[in-house]
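Have a look at start.cif; it's mmCIF, N, CA, C and O atoms:
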data_structure
#
loop_
_atom_site.label_atom_id
_atom_site.label_comp_id
_atom_site.auth_asym_id
_atom_site.auth_seq_id
_atom_site.Cartn_x
_atom_site.Cartn_y
_atom_site.Cartn_z
N MET A 361 79.06 94.69 89.68
CA MET A 361 80.05 95.74 89.76
C MET A 361 79.38 97.07 89.44
O MET A 361 78.65 97.19 88.46
N LEU A 362 79.64 98.06 90.27
CA LEU A 362 79.05 99.37 90.07
C LEU A 362 79.86 100.18 89.06
O LEU A 362 81.09 100.13 89.05
N SER A 363 79.14 100.91 88.23
CA SER A 363 79.82 101.77 87.26
C SER A 363 80.29 103.04 87.96
O SER A 363 79.92 103.31 89.12
N GLU A 364 81.10 103.82 87.27
CA GLU A 364 81.60 105.08 87.83
C GLU A 364 80.45 106.04 88.12
O GLU A 364 80.46 106.74 89.12
N GLU A 365 79.48 106.09 87.22
CA GLU A 365 78.32 106.97 87.40
C GLU A 365 77.54 106.60 88.66
O GLU A 365 77.12 107.47 89.43
N GLU A 366 77.37 105.31 88.89
CA GLU A 366 76.65 104.85 90.08
C GLU A 366 77.43 105.16 91.36
O GLU A 366 76.85 105.58 92.36
N LYS A 367 78.74 105.00 91.30
CA LYS A 367 79.57 105.35 92.47
C LYS A 367 79.52 106.84 92.76
O LYS A 367 79.46 107.26 93.92
N GLU A 368 79.55 107.65 91.71
CA GLU A 368 79.44 109.10 91.90
C GLU A 368 78.10 109.48 92.48
O GLU A 368 78.02 110.36 93.34
N PHE A 369 77.03 108.83 92.02
CA PHE A 369 75.71 109.12 92.57
C PHE A 369 75.64 108.76 94.05
O PHE A 369 75.08 109.52 94.84
N ILE A 370 76.19 107.61 94.44
CA ILE A 370 76.17 107.21 95.85
C ILE A 370 76.89 108.25 96.70
O ILE A 370 76.39 108.66 97.75
N GLY A 371 78.06 108.67 96.26
CA GLY A 371 78.81 109.69 97.01
C GLY A 371 78.07 111.01 97.10
O GLY A 371 78.01 111.63 98.16
N TRP A 372 77.50 111.44 95.97
CA TRP A 372 76.76 112.71 95.95
C TRP A 372 75.52 112.62 96.84
O TRP A 372 75.23 113.56 97.59
N TRP A 373 74.80 111.50 96.80
CA TRP A 373 73.57 111.39 97.56
C TRP A 373 73.85 111.29 99.06
O TRP A 373 73.11 111.84 99.86
N GLU A 374 74.92 110.60 99.44
CA GLU A 374 75.28 110.53 100.86
C GLU A 374 75.61 111.92 101.40
O GLU A 374 75.32 112.22 102.56
N LYS A 375 76.20 112.75 100.55
CA LYS A 375 76.58 114.09 100.98
C LYS A 375 75.38 115.06 100.99
O LYS A 375 75.28 115.92 101.86
N ASN A 376 74.44 114.90 100.06
CA ASN A 376 73.38 115.89 99.87
C ASN A 376 71.98 115.44 100.25
O ASN A 376 71.03 116.22 100.10
N ARG A 377 71.79 114.23 100.71
CA ARG A 377 70.42 113.73 100.91
C ARG A 377 69.66 114.50 101.99
O ARG A 377 68.47 114.74 101.84
N ASN A 378 70.32 114.91 103.06
CA ASN A 378 69.61 115.66 104.10
C ASN A 378 69.23 117.06 103.64
O ASN A 378 68.16 117.57 103.98
N GLY A 379 70.09 117.70 102.88
CA GLY A 379 69.77 119.03 102.35
C GLY A 379 68.66 118.99 101.33
O GLY A 379 67.83 119.90 101.26
N GLU A 380 68.60 117.92 100.54
CA GLU A 380 67.57 117.78 99.51
C GLU A 380 66.20 117.50 100.12
O GLU A 380 65.19 117.73 99.49
N LYS A 381 66.18 117.00 101.35
CA LYS A 381 64.90 116.64 101.98
C LYS A 381 64.21 117.83 102.64
O LYS A 381 63.01 117.80 102.90
N LYS A 382 64.94 118.91 102.89
CA LYS A 382 64.36 120.07 103.59
C LYS A 382 63.28 120.73 102.74
O LYS A 382 63.40 120.87 101.52
N LEU A 383 62.21 121.14 103.39
CA LEU A 383 61.05 121.70 102.71
C LEU A 383 61.38 122.98 101.97
O LEU A 383 60.94 123.17 100.82
N MET A 384 62.15 123.87 102.57
CA MET A 384 62.47 125.14 101.91
C MET A 384 63.33 124.92 100.66
O MET A 384 63.14 125.59 99.66
N ASN A 385 64.24 123.96 100.73
CA ASN A 385 65.06 123.65 99.56
C ASN A 385 64.18 123.09 98.44
O ASN A 385 64.33 123.46 97.28
N GLN A 386 63.26 122.21 98.80
CA GLN A 386 62.36 121.64 97.80
C GLN A 386 61.48 122.72 97.19
O GLN A 386 61.22 122.72 95.99
N LEU A 387 61.03 123.65 98.01
CA LEU A 387 60.19 124.73 97.51
C LEU A 387 60.97 125.65 96.57
O LEU A 387 60.48 126.01 95.50
N MET A 388 62.18 126.01 96.95
CA MET A 388 62.97 126.92 96.12
C MET A 388 63.37 126.29 94.79
O MET A 388 63.38 126.96 93.75
N VAL A 389 63.70 125.02 94.80
CA VAL A 389 64.10 124.35 93.57
C VAL A 389 62.87 124.05 92.70
O VAL A 389 62.91 124.16 91.48
N GLY A 390 61.76 123.67 93.34
CA GLY A 390 60.58 123.28 92.59
C GLY A 390 59.67 124.42 92.18
O GLY A 390 58.78 124.25 91.34
N LEU A 391 59.88 125.61 92.73
CA LEU A 391 58.99 126.73 92.43
C LEU A 391 58.99 127.14 90.95
O LEU A 391 57.92 127.40 90.41
N PRO A 392 60.12 127.16 90.27
CA PRO A 392 60.05 127.47 88.84
C PRO A 392 59.21 126.47 88.05
O PRO A 392 58.47 126.84 87.13
N LEU A 393 59.28 125.19 88.43
CA LEU A 393 58.44 124.18 87.77
C LEU A 393 56.96 124.42 88.09
O LEU A 393 56.10 124.28 87.23
N GLY A 394 56.69 124.77 89.34
CA GLY A 394 55.31 125.07 89.72
C GLY A 394 54.77 126.29 89.01
O GLY A 394 53.61 126.32 88.59
N LEU A 395 55.61 127.30 88.85
CA LEU A 395 55.18 128.50 88.11
C LEU A 395 54.93 128.19 86.64
O LEU A 395 53.99 128.71 86.04
N ALA A 396 55.77 127.34 86.07
CA ALA A 396 55.55 126.94 84.67
C ALA A 396 54.23 126.18 84.53
O ALA A 396 53.56 126.28 83.51
N PHE A 397 53.86 125.45 85.56
CA PHE A 397 52.60 124.71 85.56
C PHE A 397 51.41 125.64 85.78
O PHE A 397 50.36 125.49 85.15
N GLY A 398 51.54 126.61 86.70
CA GLY A 398 50.42 127.46 87.06
C GLY A 398 50.33 128.77 86.29
O GLY A 398 49.30 129.44 86.32
N PHE A 399 51.39 129.15 85.60
CA PHE A 399 51.40 130.42 84.87
C PHE A 399 50.32 130.51 83.81
O PHE A 399 49.66 131.56 83.70
N PRO A 400 50.07 129.48 83.02
CA PRO A 400 48.97 129.58 82.05
C PRO A 400 47.60 129.80 82.70
O PRO A 400 46.75 130.51 82.16
N MET A 401 47.40 129.22 83.88
CA MET A 401 46.14 129.45 84.59
C MET A 401 46.02 130.91 85.01
O MET A 401 44.95 131.52 84.88
N LEU A 402 47.12 131.45 85.52
CA LEU A 402 47.09 132.86 85.91
C LEU A 402 46.85 133.77 84.72
O LEU A 402 46.08 134.73 84.81
N LEU A 403 47.49 133.48 83.60
CA LEU A 403 47.31 134.30 82.41
C LEU A 403 45.87 134.25 81.90
O LEU A 403 45.34 135.26 81.43
N SER A 404 45.24 133.08 81.99
CA SER A 404 43.87 132.98 81.49
C SER A 404 42.91 133.82 82.34
O SER A 404 41.90 134.29 81.83
N PHE A 405 43.22 134.01 83.61
CA PHE A 405 42.36 134.85 84.45
C PHE A 405 42.73 136.32 84.36
O PHE A 405 41.86 137.19 84.50
N LEU A 406 44.00 136.62 84.13
CA LEU A 406 44.39 138.02 84.02
C LEU A 406 43.93 138.64 82.72
O LEU A 406 43.54 139.79 82.68
N PHE A 407 44.02 137.88 81.63
CA PHE A 407 43.59 138.37 80.32
C PHE A 407 42.30 137.67 79.91
O PHE A 407 42.25 136.93 78.95
N ARG A 408 41.25 137.94 80.66
CA ARG A 408 40.00 137.23 80.41
C ARG A 408 39.15 137.89 79.32
O ARG A 408 38.08 137.43 79.01
N GLY A 409 39.63 138.96 78.69
CA GLY A 409 38.89 139.60 77.62
C GLY A 409 38.97 138.86 76.30
O GLY A 409 38.21 139.13 75.37
N TRP A 410 39.86 137.88 76.20
CA TRP A 410 40.02 137.15 74.94
C TRP A 410 38.84 136.23 74.66
O TRP A 410 38.58 135.88 73.52
N PHE A 411 38.12 135.83 75.70
CA PHE A 411 36.96 134.95 75.53
C PHE A 411 35.72 135.77 75.83
O PHE A 411 35.45 136.10 76.97
N LYS A 412 34.97 136.12 74.82
CA LYS A 412 33.87 137.08 74.95
C LYS A 412 32.70 136.56 75.78
O LYS A 412 32.00 137.33 76.42
N ARG A 413 32.47 135.27 75.81
CA ARG A 413 31.32 134.74 76.54
C ARG A 413 31.66 134.33 77.97
O ARG A 413 30.85 133.73 78.65
N MET A 414 32.86 134.66 78.44
CA MET A 414 33.24 134.32 79.80
C MET A 414 32.43 135.16 80.78
O MET A 414 32.30 136.37 80.63
N PRO A 415 31.87 134.53 81.81
CA PRO A 415 31.06 135.30 82.76
C PRO A 415 31.90 136.28 83.57
O PRO A 415 33.11 136.11 83.73
N TYR A 416 31.25 137.28 84.10
CA TYR A 416 31.92 138.29 84.91
C TYR A 416 32.44 137.65 86.20
O TYR A 416 31.76 136.87 86.84
N VAL A 417 33.66 138.01 86.57
CA VAL A 417 34.26 137.52 87.80
C VAL A 417 34.47 138.73 88.70
O VAL A 417 35.19 139.67 88.34
N SER A 418 33.83 138.71 89.86
CA SER A 418 33.97 139.84 90.78
C SER A 418 35.35 139.85 91.42
O SER A 418 36.12 138.89 91.30
N GLY A 419 35.66 140.92 92.12
CA GLY A 419 36.96 141.05 92.77
C GLY A 419 37.20 139.98 93.82
O GLY A 419 38.31 139.45 93.95
N THR A 420 36.16 139.64 94.56
CA THR A 420 36.28 138.60 95.59
C THR A 420 36.54 137.24 94.95
O THR A 420 37.39 136.48 95.42
N GLN A 421 35.80 136.95 93.89
CA GLN A 421 36.01 135.69 93.20
C GLN A 421 37.40 135.63 92.58
O GLN A 421 38.07 134.59 92.61
N PHE A 422 37.85 136.74 92.04
CA PHE A 422 39.17 136.79 91.43
C PHE A 422 40.26 136.55 92.49
O PHE A 422 41.22 135.83 92.24
N THR A 423 40.09 137.14 93.66
CA THR A 423 41.04 136.93 94.75
C THR A 423 41.08 135.47 95.16
O THR A 423 42.15 134.89 95.37
N LEU A 424 39.91 134.87 95.27
CA LEU A 424 39.83 133.46 95.64
C LEU A 424 40.48 132.57 94.58
O LEU A 424 41.22 131.63 94.90
N ILE A 425 40.25 132.88 93.31
CA ILE A 425 40.87 132.12 92.22
C ILE A 425 42.38 132.29 92.25
O ILE A 425 43.14 131.33 92.07
N LEU A 426 42.84 133.51 92.49
CA LEU A 426 44.27 133.78 92.55
C LEU A 426 44.94 133.00 93.69
O LEU A 426 46.00 132.39 93.50
N ILE A 427 44.31 132.98 94.86
CA ILE A 427 44.84 132.22 95.99
C ILE A 427 44.87 130.73 95.66
O ILE A 427 45.84 130.03 95.97
N ALA A 428 43.81 130.23 95.03
CA ALA A 428 43.75 128.81 94.67
C ALA A 428 44.87 128.45 93.69
O ALA A 428 45.53 127.41 93.84
N VAL A 429 45.10 129.29 92.69
CA VAL A 429 46.15 129.01 91.71
C VAL A 429 47.53 129.07 92.39
O VAL A 429 48.39 128.22 92.11
N LEU A 430 47.74 130.00 93.29
CA LEU A 430 49.01 130.06 94.00
C LEU A 430 49.22 128.84 94.88
O LEU A 430 50.34 128.31 94.97
N LEU A 431 48.16 128.35 95.51
CA LEU A 431 48.26 127.13 96.30
C LEU A 431 48.57 125.92 95.40
O LEU A 431 49.34 125.04 95.79
N ILE A 432 47.98 125.89 94.23
CA ILE A 432 48.27 124.82 93.28
C ILE A 432 49.74 124.86 92.87
O ILE A 432 50.41 123.83 92.80
N ILE A 433 50.27 126.05 92.63
CA ILE A 433 51.67 126.20 92.25
C ILE A 433 52.59 125.68 93.35
O ILE A 433 53.52 124.92 93.10
N VAL A 434 52.32 126.07 94.60
CA VAL A 434 53.16 125.64 95.72
C VAL A 434 53.03 124.13 95.93
O VAL A 434 54.04 123.43 96.13
N PHE A 435 51.82 123.60 95.85
CA PHE A 435 51.63 122.16 96.01
C PHE A 435 52.38 121.39 94.94
O PHE A 435 53.06 120.40 95.22
N TYR A 436 52.26 121.83 93.70
CA TYR A 436 52.93 121.14 92.59
C TYR A 436 54.45 121.17 92.79
O TYR A 436 55.13 120.16 92.56
N ALA A 437 54.97 122.31 93.20
CA ALA A 437 56.41 122.44 93.38
C ALA A 437 56.92 121.48 94.46
O ALA A 437 57.90 120.76 94.26
N ILE A 438 56.24 121.46 95.60
CA ILE A 438 56.68 120.60 96.70
C ILE A 438 56.48 119.13 96.35
O ILE A 438 57.34 118.29 96.59
N PHE A 439 55.33 118.80 95.76
CA PHE A 439 55.04 117.41 95.40
C PHE A 439 56.05 116.87 94.40
O PHE A 439 56.55 115.76 94.54
N LYS A 440 56.38 117.67 93.41
CA LYS A 440 57.34 117.26 92.38
C LYS A 440 58.71 116.99 92.99
O LYS A 440 59.35 115.98 92.68
N MET A 441 59.16 117.87 93.88
CA MET A 441 60.48 117.70 94.46
C MET A 441 60.51 116.57 95.49
O MET A 441 61.52 115.88 95.62
N ARG A 442 59.42 116.36 96.22
CA ARG A 442 59.36 115.21 97.13
C ARG A 442 59.42 113.90 96.36
O ARG A 442 60.07 112.95 96.76
N PHE A 443 58.70 113.86 95.23
CA PHE A 443 58.73 112.67 94.39
C PHE A 443 60.14 112.42 93.87
O PHE A 443 60.62 111.28 93.87
N LYS A 444 60.82 113.48 93.45
CA LYS A 444 62.19 113.34 92.96
C LYS A 444 63.11 112.84 94.06
O LYS A 444 63.97 112.00 93.83
N TRP A 445 62.92 113.36 95.29
CA TRP A 445 63.74 112.91 96.42
C TRP A 445 63.51 111.43 96.69
O TRP A 445 64.47 110.68 96.92
N GLU A 446 62.25 111.00 96.66
CA GLU A 446 61.93 109.59 96.90
C GLU A 446 62.55 108.70 95.83
O GLU A 446 63.04 107.60 96.13
N MET A 447 62.53 109.15 94.58
CA MET A 447 63.13 108.36 93.50
C MET A 447 64.65 108.24 93.69
O MET A 447 65.21 107.16 93.50
N ASN A 448 65.30 109.33 94.08
CA ASN A 448 66.74 109.28 94.34
C ASN A 448 67.05 108.38 95.53
O ASN A 448 68.05 107.65 95.52
N GLU A 449 66.21 108.45 96.56
CA GLU A 449 66.42 107.61 97.74
C GLU A 449 66.27 106.13 97.39
O GLU A 449 67.04 105.28 97.86
N GLN A 450 65.30 105.82 96.55
CA GLN A 450 65.10 104.44 96.12
C GLN A 450 66.30 103.96 95.28
O GLN A 450 66.78 102.84 95.47
N ARG A 451 66.76 104.81 94.40
CA ARG A 451 67.93 104.46 93.58
C ARG A 451 69.15 104.23 94.47
O ARG A 451 69.92 103.28 94.25
N TYR A 452 69.32 105.08 95.47
CA TYR A 452 70.44 104.94 96.40
C TYR A 452 70.36 103.61 97.14
O TYR A 452 71.36 102.89 97.25
N ALA A 453 69.16 103.26 97.64
CA ALA A 453 69.00 102.00 98.37
C ALA A 453 69.29 100.80 97.46
O ALA A 453 69.93 99.82 97.89
N GLU A 454 68.84 100.86 96.22
CA GLU A 454 69.09 99.77 95.28
C GLU A 454 70.58 99.64 94.98
O GLU A 454 71.10 98.51 94.91
N LEU A 455 71.27 100.75 94.80
CA LEU A 455 72.70 100.70 94.51
C LEU A 455 73.50 100.21 95.72
O LEU A 455 74.48 99.47 95.56
N LYS A 456 73.10 100.60 96.92
CA LYS A 456 73.78 100.12 98.12
C LYS A 456 73.58 98.61 98.27
O LYS A 456 74.51 97.89 98.65
N GLN A 457 72.38 98.12 97.94
CA GLN A 457 72.12 96.69 97.99
C GLN A 457 72.97 95.95 96.95
O GLN A 457 73.54 94.90 97.23
N LYS A 458 73.05 96.52 95.77
CA LYS A 458 73.87 95.94 94.70
C LYS A 458 75.33 95.91 95.11
O LYS A 458 76.05 94.93 94.87
N GLU A 459 75.79 96.99 95.74
CA GLU A 459 77.16 97.06 96.22
C GLU A 459 77.42 96.00 97.27
O GLU A 459 78.47 95.35 97.29
N LYS A 460 76.48 95.78 98.16
CA LYS A 460 76.60 94.78 99.22
C LYS A 460 76.66 93.37 98.62
O LYS A 460 77.47 92.54 99.03
N VAL A 461 75.81 93.10 97.64
CA VAL A 461 75.80 91.79 96.98
C VAL A 461 77.11 91.56 96.24
O VAL A 461 77.68 90.47 96.30
N ASP A 462 77.60 92.58 95.56
CA ASP A 462 78.87 92.47 94.84
C ASP A 462 80.02 92.18 95.80
O ASP A 462 80.91 91.37 95.52
N ALA A 463 80.02 92.83 96.96
CA ALA A 463 81.07 92.61 97.94
C ALA A 463 81.01 91.19 98.50
O ALA A 463 82.04 90.54 98.71
N THR A 464 79.79 90.69 98.68
CA THR A 464 79.61 89.32 99.18
C THR A 464 80.09 88.31 98.15
O THR A 464 80.73 87.31 98.49
N LEU A 465 79.79 88.55 96.88
CA LEU A 465 80.20 87.64 95.83
C LEU A 465 81.72 87.63 95.63
O LEU A 465 82.31 86.60 95.31
N GLN A 466 82.35 88.78 95.83
CA GLN A 466 83.80 88.86 95.66
C GLN A 466 84.54 88.15 96.79
O GLN A 466 85.63 87.64 96.61
N GLU A 467 83.93 88.12 97.98
CA GLU A 467 84.54 87.42 99.12
C GLU A 467 84.49 85.91 98.92
O GLU A 467 85.34 85.20 99.44
N SER A 468 83.48 85.44 98.21
CA SER A 468 83.32 83.99 98.05
C SER A 468 84.31 83.37 97.10
O SER A 468 84.93 83.83 96.29
#

Target format structure tokens, applied to this file:
Amino acid sequence: MLSEEEKEFIGWWEKNRNGEKKLMNQLMVGLPLGLAFGFPMLLSFLFRGWFKRMPYVSGTQFTLILIAVLLIIVFYAIFKMRFKWEMNEQRYAELKQKEKVDATLQES
């Protein structure tokens, strides 16, 4: 027997699963998490005077590092949200299977 929470999840996921799968939606929702992950890296390069023995970084190298950190942020955001979508999809499939088994048992 499915609980109320599981029934609510099934209804919500059936309604929102296609919207949650879109790349732009995943990027917009996951970007704050990606920024939280990449922000310390950006700060360490922006305020590099705190470590006195750090080698000099030229403008070209700094640009390359900045682009790399931004790519890491975007990758992390999309990867995290895709993983979350897959976990919700798996939960949905398991609950639908459980619902099907329960219906079969009740008929017997």

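The coordinates place atom N of A:Tyr436 at 26.4 Å from atom CA of A:Ala453.
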
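Of note, atom CA of A:Phe397 and atom CA of A:Ile433 are spaced 6.9 Å apart.
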
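In this model, the gap between atom CA of A:Phe405 and atom C of A:Leu424 comes to 10.6 Å.
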
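If you measure from each of A:Ile425, A:Met441, A:Val417, A:Ile432 to A:Glu380 using all atoms listed in the file, the closest one turns out to be A:Met441.
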
Between A:Glu454, A:Gly394, A:Gln421, A:Leu465, single out the one closest to A:Phe435, counting all atoms listed in the file. A:Gly394

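Among the candidates A:Val429, A:Leu455, A:Ala463, A:Ala437, the residue lying nearest to A:Pro400 is A:Val429 (atoms considered: only C-alpha atoms).
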
Residues of chain A in alpha helix (DSSP H), written as a ChimeraX atom specification: /A:364-381,383-406,419-467

Residue contacts of A:Lys444 (12 Å, only C-alpha atoms) excluding same-chain residues fewer than 5 positions away, as a PyMOL selection string: chain A and resi 377+380-381+386+389-390+437-439+449-451

Take stretch 361-372 of chain A, bring it up to all heavy atoms, and give me the output as a CSV table (one decimal), in the frame of the given file.
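What ended up in part.csv:
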chain,number,residue,atom,x,y,z
A,361,MET,N,79.1,94.7,89.7
A,361,MET,CA,80.0,95.7,89.8
A,361,MET,C,79.4,97.1,89.4
A,361,MET,O,78.6,97.2,88.5
A,361,MET,CB,81.2,95.4,88.7
A,361,MET,CG,82.3,96.3,88.9
A,361,MET,SD,83.2,95.8,90.3
A,361,MET,CE,84.6,96.8,90.2
A,362,LEU,N,79.6,98.1,90.3
A,362,LEU,CA,79.0,99.4,90.1
A,362,LEU,C,79.9,100.2,89.1
A,362,LEU,O,81.1,100.1,89.0
A,362,LEU,CB,79.0,100.1,91.4
A,362,LEU,CG,78.1,99.6,92.5
A,362,LEU,CD1,78.3,100.4,93.7
A,362,LEU,CD2,76.7,99.6,92.0
A,363,SER,N,79.1,100.9,88.2
A,363,SER,CA,79.8,101.8,87.3
A,363,SER,C,80.3,103.0,88.0
A,363,SER,O,79.9,103.3,89.1
A,363,SER,CB,78.9,102.1,86.1
A,363,SER,OG,77.8,102.9,86.6
A,364,GLU,N,81.1,103.8,87.3
A,364,GLU,CA,81.6,105.1,87.8
A,364,GLU,C,80.4,106.0,88.1
A,364,GLU,O,80.5,106.7,89.1
A,364,GLU,CB,82.6,105.7,86.9
A,364,GLU,CG,84.0,105.1,86.9
A,364,GLU,CD,84.6,105.3,88.3
A,364,GLU,OE1,84.5,106.3,88.9
A,364,GLU,OE2,85.1,104.3,88.8
A,365,GLU,N,79.5,106.1,87.2
A,365,GLU,CA,78.3,107.0,87.4
A,365,GLU,C,77.5,106.6,88.7
A,365,GLU,O,77.1,107.5,89.4
A,365,GLU,CB,77.4,106.9,86.2
A,365,GLU,CG,76.2,107.8,86.3
A,365,GLU,CD,75.3,107.6,85.1
A,365,GLU,OE1,75.7,107.2,84.0
A,365,GLU,OE2,74.1,107.9,85.3
A,366,GLU,N,77.4,105.3,88.9
A,366,GLU,CA,76.6,104.8,90.1
A,366,GLU,C,77.4,105.2,91.4
A,366,GLU,O,76.8,105.6,92.4
A,366,GLU,CB,76.4,103.4,90.0
A,366,GLU,CG,75.4,103.0,88.9
A,366,GLU,CD,75.3,101.5,88.6
A,366,GLU,OE1,76.2,100.8,88.9
A,366,GLU,OE2,74.2,101.1,88.0
A,367,LYS,N,78.7,105.0,91.3
A,367,LYS,CA,79.6,105.4,92.5
A,367,LYS,C,79.5,106.8,92.8
A,367,LYS,O,79.5,107.3,93.9
A,367,LYS,CB,81.0,104.9,92.2
A,367,LYS,CG,81.2,103.4,92.3
A,367,LYS,CD,82.6,103.0,92.0
A,367,LYS,CE,82.8,101.5,91.9
A,367,LYS,NZ,84.1,101.1,91.6
A,368,GLU,N,79.6,107.6,91.7
A,368,GLU,CA,79.4,109.1,91.9
A,368,GLU,C,78.1,109.5,92.5
A,368,GLU,O,78.0,110.4,93.3
A,368,GLU,CB,79.7,109.8,90.6
A,368,GLU,CG,81.1,109.8,90.1
A,368,GLU,CD,81.2,110.5,88.7
A,368,GLU,OE1,80.3,111.1,88.3
A,368,GLU,OE2,82.3,110.3,88.1
A,369,PHE,N,77.0,108.8,92.0
A,369,PHE,CA,75.7,109.1,92.6
A,369,PHE,C,75.6,108.8,94.0
A,369,PHE,O,75.1,109.5,94.8
A,369,PHE,CB,74.6,108.4,91.8
A,369,PHE,CG,73.3,108.5,92.4
A,369,PHE,CD1,72.5,109.7,92.2
A,369,PHE,CD2,72.7,107.5,93.2
A,369,PHE,CE1,71.3,109.9,92.8
A,369,PHE,CE2,71.5,107.7,93.8
A,369,PHE,CZ,70.8,108.8,93.6
A,370,ILE,N,76.2,107.6,94.4
A,370,ILE,CA,76.2,107.2,95.8
A,370,ILE,C,76.9,108.2,96.7
A,370,ILE,O,76.4,108.7,97.8
A,370,ILE,CB,76.8,105.8,96.0
A,370,ILE,CG1,75.8,104.7,95.5
A,370,ILE,CG2,77.1,105.5,97.5
A,370,ILE,CD1,76.4,103.3,95.4
A,371,GLY,N,78.1,108.7,96.3
A,371,GLY,CA,78.8,109.7,97.0
A,371,GLY,C,78.1,111.0,97.1
A,371,GLY,O,78.0,111.6,98.2
A,372,TRP,N,77.5,111.4,96.0
A,372,TRP,CA,76.8,112.7,96.0
A,372,TRP,C,75.5,112.6,96.8
A,372,TRP,O,75.2,113.6,97.6
A,372,TRP,CB,76.3,113.0,94.5
A,372,TRP,CG,75.5,114.3,94.4
A,372,TRP,CD1,75.9,115.6,94.5
A,372,TRP,CD2,74.1,114.3,94.3
A,372,TRP,NE1,74.8,116.4,94.4
A,372,TRP,CE2,73.7,115.6,94.3
A,372,TRP,CE3,73.1,113.3,94.3
A,372,TRP,CZ2,72.3,116.0,94.2
A,372,TRP,CZ3,71.8,113.7,94.2
A,372,TRP,CH2,71.4,115.0,94.1
